Structures are given as C-alpha cells and as structure tokens.
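For reference, the structure discussed in these notes is given below.
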Amino acid sequence: MDTEKNPQVEARVFRASVGPHISSGESVPHIMWTVSAALLPAAGLSIYYFGLPALSVLVLSIVSAIVFEALAQKLAGAKITISDGSAILTGLLLGMNLPASVPFYLPVIGSAVAVIITKQLFGGLGYNIFNPALIGRAFLMASFPRFMTTWPLPQGSLSLARPDAVTGATPLGILKEEGYRKLLSHFASRHDMYVQLLLGHRGGAMGETGIVALLFGAAYLLYKGYITWHIPVTFIATVAVLTAVFGGDPWLAMLSGGLVLGAFFMATDYVTVPQLKRAQVAFGLGCGIITALIRLEGGYPEGVCYAILLMNCFTPLLDRAFKAKKFGEASAKA
Amino acid sequence: MFKDLFTIFIASAIINNFVFTRYLGLCIFFGVSKKMETALGMSMTFTAVMVISAALSWLVYNLVMLPLHIEFLKIVLFIGIVAGFVQFADTLLKKLNPTLYYKLGIYLVLITTNCIILAVPLLNTDNNYNFLQSITLGLGSGAGFSLALIIMASIRERLELANIPKPFQGMPIAFIVTGLIALAFLGFSGMITI
C-alpha cells in the first residue's frame, strides 16, 4: 500500500508531538488572577473598615498600574500584556500597602515607579530584580513621609467621610514611641489585643490590618500549591524568635505590621525570590533578621518592606550559591 | 572594646554602606561590577588597600603630623600615602597575577582617586579613632564595598539575559539598579551612624 497517498496516515504523522500531552491548565495569567482573588477578602475587609476612600485608593492604584503597563509596553514597541494580570496584582498590592487617607496622586505616582521603573525598564514580567509594589511603597515613603505615616483608624462601618478625620499610630508605632505598657493600655486585656490585631481593628496600611482575611487567602494559595511554606514560615518564625530573644512579645510581633501580608504575598513572588528551596529558607531567614533589626533598632517602626527589598538584592547571589552541583563536579574548584 | 569594634564594622559595612548610603566610590563600582570575576578580584584588592592605607594614615597622622602640628595637610598627605601604596600593589599584582591585572585595567590605578579610600582616613581622624578602630573602619568599609560589588555583579550577570529596552541596556540600567538598592538601604536609616 502506498502510505504517502493515504490521507489518514499523513494526518496521524502530522499530529504526533513530544510530551507533555496532558496540560493542567496552569499558566502565568491564571496564577496572577488567583493570587489577586486571594487578596480580595483582605481588600474587602479594608474597605469595610476604612470606607470608600480605601476603595478609591485601591481602584486608582490598580487602574494606573494597568495604564502605565500598557503605555510602557507601547513605547517600548513590545506586545501589550495587560491581560496577564500581573499589573493588576502589582496595583492591588501597592494599594494595600498604603494608608487609606493618602491623596489621590500617591497611588498614581507609586504605580508609575512600580510598573515603569521597577518592571518594564528591566524587560517586563519575569526580569525584574525587585518587587515592584514594594519599590513603589519605598519610593512614596521616601518622598511623602508625612502622608505615608498618617494612619487612619478603622471606622467600623461603610462611611463616606474621609477617614483622616480620626488618625492614630499603628501598634508598632506606639510600641516604638511609647512602649509595650502604653500599647497594652489601648486594649481591654492582652487577649483582647491579640483578637483585635487578628481582626484588623487597628490603624495601619489598608491591606495589613485584616490578618484573618490575609490568612484565609494565603491558605487557599498554599492549598493550590501556588506558594510554598518555605519563605513565609521561616520569615515569620525568625521575626518571632528574635523578638522573644530580645525581650519582646512574639505574638504581637507576628500579628502587627505588614508581616503576614509581606511574608505570604510579597516574599513569595516567583520572579524576585530564589528558586531553590534551600535558598528560599535562607531568603526567609534574611528577611526575618532584617525585619527584627529594623523594628528593634531602626528609625522606622516597621521593616518588612525594606527587609524583602534588601533580600531581593541577594536573590541572584542566593540562586548562585545554592545551585545544585553537577554530578562529578570537583568541590575544590570554588 | 570588642563590642565597639563590632559596631564600627557592621555600621561601615552594611548600615552606612559607602556605595548605597553615601554614594561614594561609584567609579570603580560601575566599572568592575559587570562580571563576577573582576568584582571578586577588585573586592580583595580594594579591601587590602583599604586596611593598609587606613593603618599607614593613622601612623603618619599620629606619629608625624600631630607632633609637627601639620594636621591641615592631612588631605594632601593621605592622598600621597594611598597613591604610593596603590602603585606598590599595582606592581605586585602585575608580577603575581597578570591575568587579573589586565582584567582590572585602569580601575586598579583609579583606586588612588577613589572617594572611599580618602574618606576612611579622614573619618578616622575626625572621630579620633585609635589604631584598632581605624583598621576596623578600613576593614568594614572594604567589606561593605566588596558586598556592594558582589551583589551588583550578580544582578548585572542576571540582567545580561533580560529583555531590557535598548536605550537602557548596560550602564543606564546599572544606575537604576543602584538607585533601587539605595532605596532599599533607606530602611537602615536612623540605626547607627559613623
């Protein structure tokens, strides 16, 4: 039989391909959208606590992140990839790192720094060295320190009023300025303090207050396998242990500030942290040490943002240091 | 005593890192951080020159300049000491490791005019440091500069593979990376200053 002229055989040869043959349906956009969705409970809680201004800050930072991404890619002549969800995630994370009372131009400037300078100038998603949202926050912190350290207190209900009517220090701010005893006097008891911190009924950046909602989102991501425990657990445990060693309250250290938000949602960014598990443990350890150092000794009350950024600098080095040895490679070479 | 030296070392190496918090020594920093190999070579050379010139400067300042009351000449004399020692290291390296010598190129001689290498002896005299403290500051500054060089080299080697827009390739993106690292080092502000 002449196989060359048999259309059935020809078609079968044409379709043959190498593995993998079964696709799980996972993709970068899918993961980005899932992580964004995992942040929604915390975002919703912050809108409940801080009112409509919180919603406007979140919307502004997300929309401007998308616009800047499209603009930068158009200028660079690259394919516009705003539908992959990474710009939306960056905008959402940046918004959640800001106090709800900031003026409208802060999220816009922050998004510009995050998306254009930190991400697109390096070649877009996958090439950036630093976490874009955190660079945006650090930039705003250096440029507008007054706005960035004025924390509205939760209203407790949806309110139309600008939240800056009632402002107060964050728990870590009070701890730094006035001490533990003073912080405790704001609450009915030590137990009440932990519960309030867990529920997020306190001053702080929008996304960092609702610890319960953050843990809920993080648990979903862990269950889906999009993040692994290595960095968050070592990060948080290191902060708790170091705080306890230097005479602080480890539970307070874990529940206050941006530790939960940072450890689960920003120190687990695929691009800016090491790939290998052992290197990730070292990364989390470094983040924890720097956070504890800044909280205990530094000029700022909170150091999670800077700790992650500083460890981002070490990511290429950690990837190199923990690289698996080739089989038979001489160890004396290094 | 020991704690004091440790504080000086950490403060000069990390918290007040000369490159990222005072923006000194950028010429060599950008010049040799393109490859890890040259960055490592420069780190060792720089730290050695740093420690020895800090020691020599302290000896000259305390044994010669103070008795003769010629402290006002310290900038000129410190530059002279560093220049002489760098010339010595230059000749030594050419004999011992010619490959590294040619890779470091012009930057080795440029250590002479590096701001950090002059800043350290001047800081030592301003703070009235004793001999051990002076050497520790030199060692810490050298370690801090090495840290900056090694981080930067690892980042720039990774960026070789990145899809950076053409106008920003090479030096421009290196400046942006340095700016962003400096932003991260702001987190240490208000900790210890020297």
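Residues in the structure tokens are named by chain (A, B, ... in the order shown) and by number from 1 within that chain; ligands are numbered from 1 in the order shown.
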
Give me, as a VMD selection string, all polymer residues having an atom no more than 7 Å from B:Phe188, counting only C-alpha atoms and skipping those fewer than 6 positions away in the same chain. (chain A and resid 294 298) or (chain B and resid 15)

Can you check which residues of chain B have any atom within 6 Å of chain A? Use only C-alpha atoms and format it as a list in words. Ser154, Ile155, Ala162, Asn163, Ile164, Ala184, Gly187, Ser189, Gly190 and Met191 of chain B

Quote the spacing between atom CA of A:Ile116 and atom CA of A:Thr228 in Å to one decimal place.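 Going from atom CA of A:Ile116 over to atom CA of A:Thr228 covers 28.7 Å.
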
Could you pull out the helix (DSSP H, G or I) residues of stretch 103-139 of chain A, going by DSSP on the backbone, and write them as a list in words?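 So the helix (DSSP H, G or I) residues in stretch 103-139 of chain A would be Tyr105, Leu106, Pro107, Val108, Ile109, Gly110, Ser111, Ala112, Val113, Ala114, Val115, Ile116, Ile117, Thr118, Lys119, Gln120, Leu121, Phe122, Pro132, Ala133, Leu134, Ile135, Gly136, Arg137, Ala138 and Phe139 of chain A.
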
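Residues in contact with B:Phe72 at 12 Å, where only C-alpha atoms are counted and same-chain residues fewer than 4 positions away are skipped, are listed as Tyr61, Met65, Leu66, Leu68, Val76, Leu77, Phe78, Leu122 and Thr125 of chain B.
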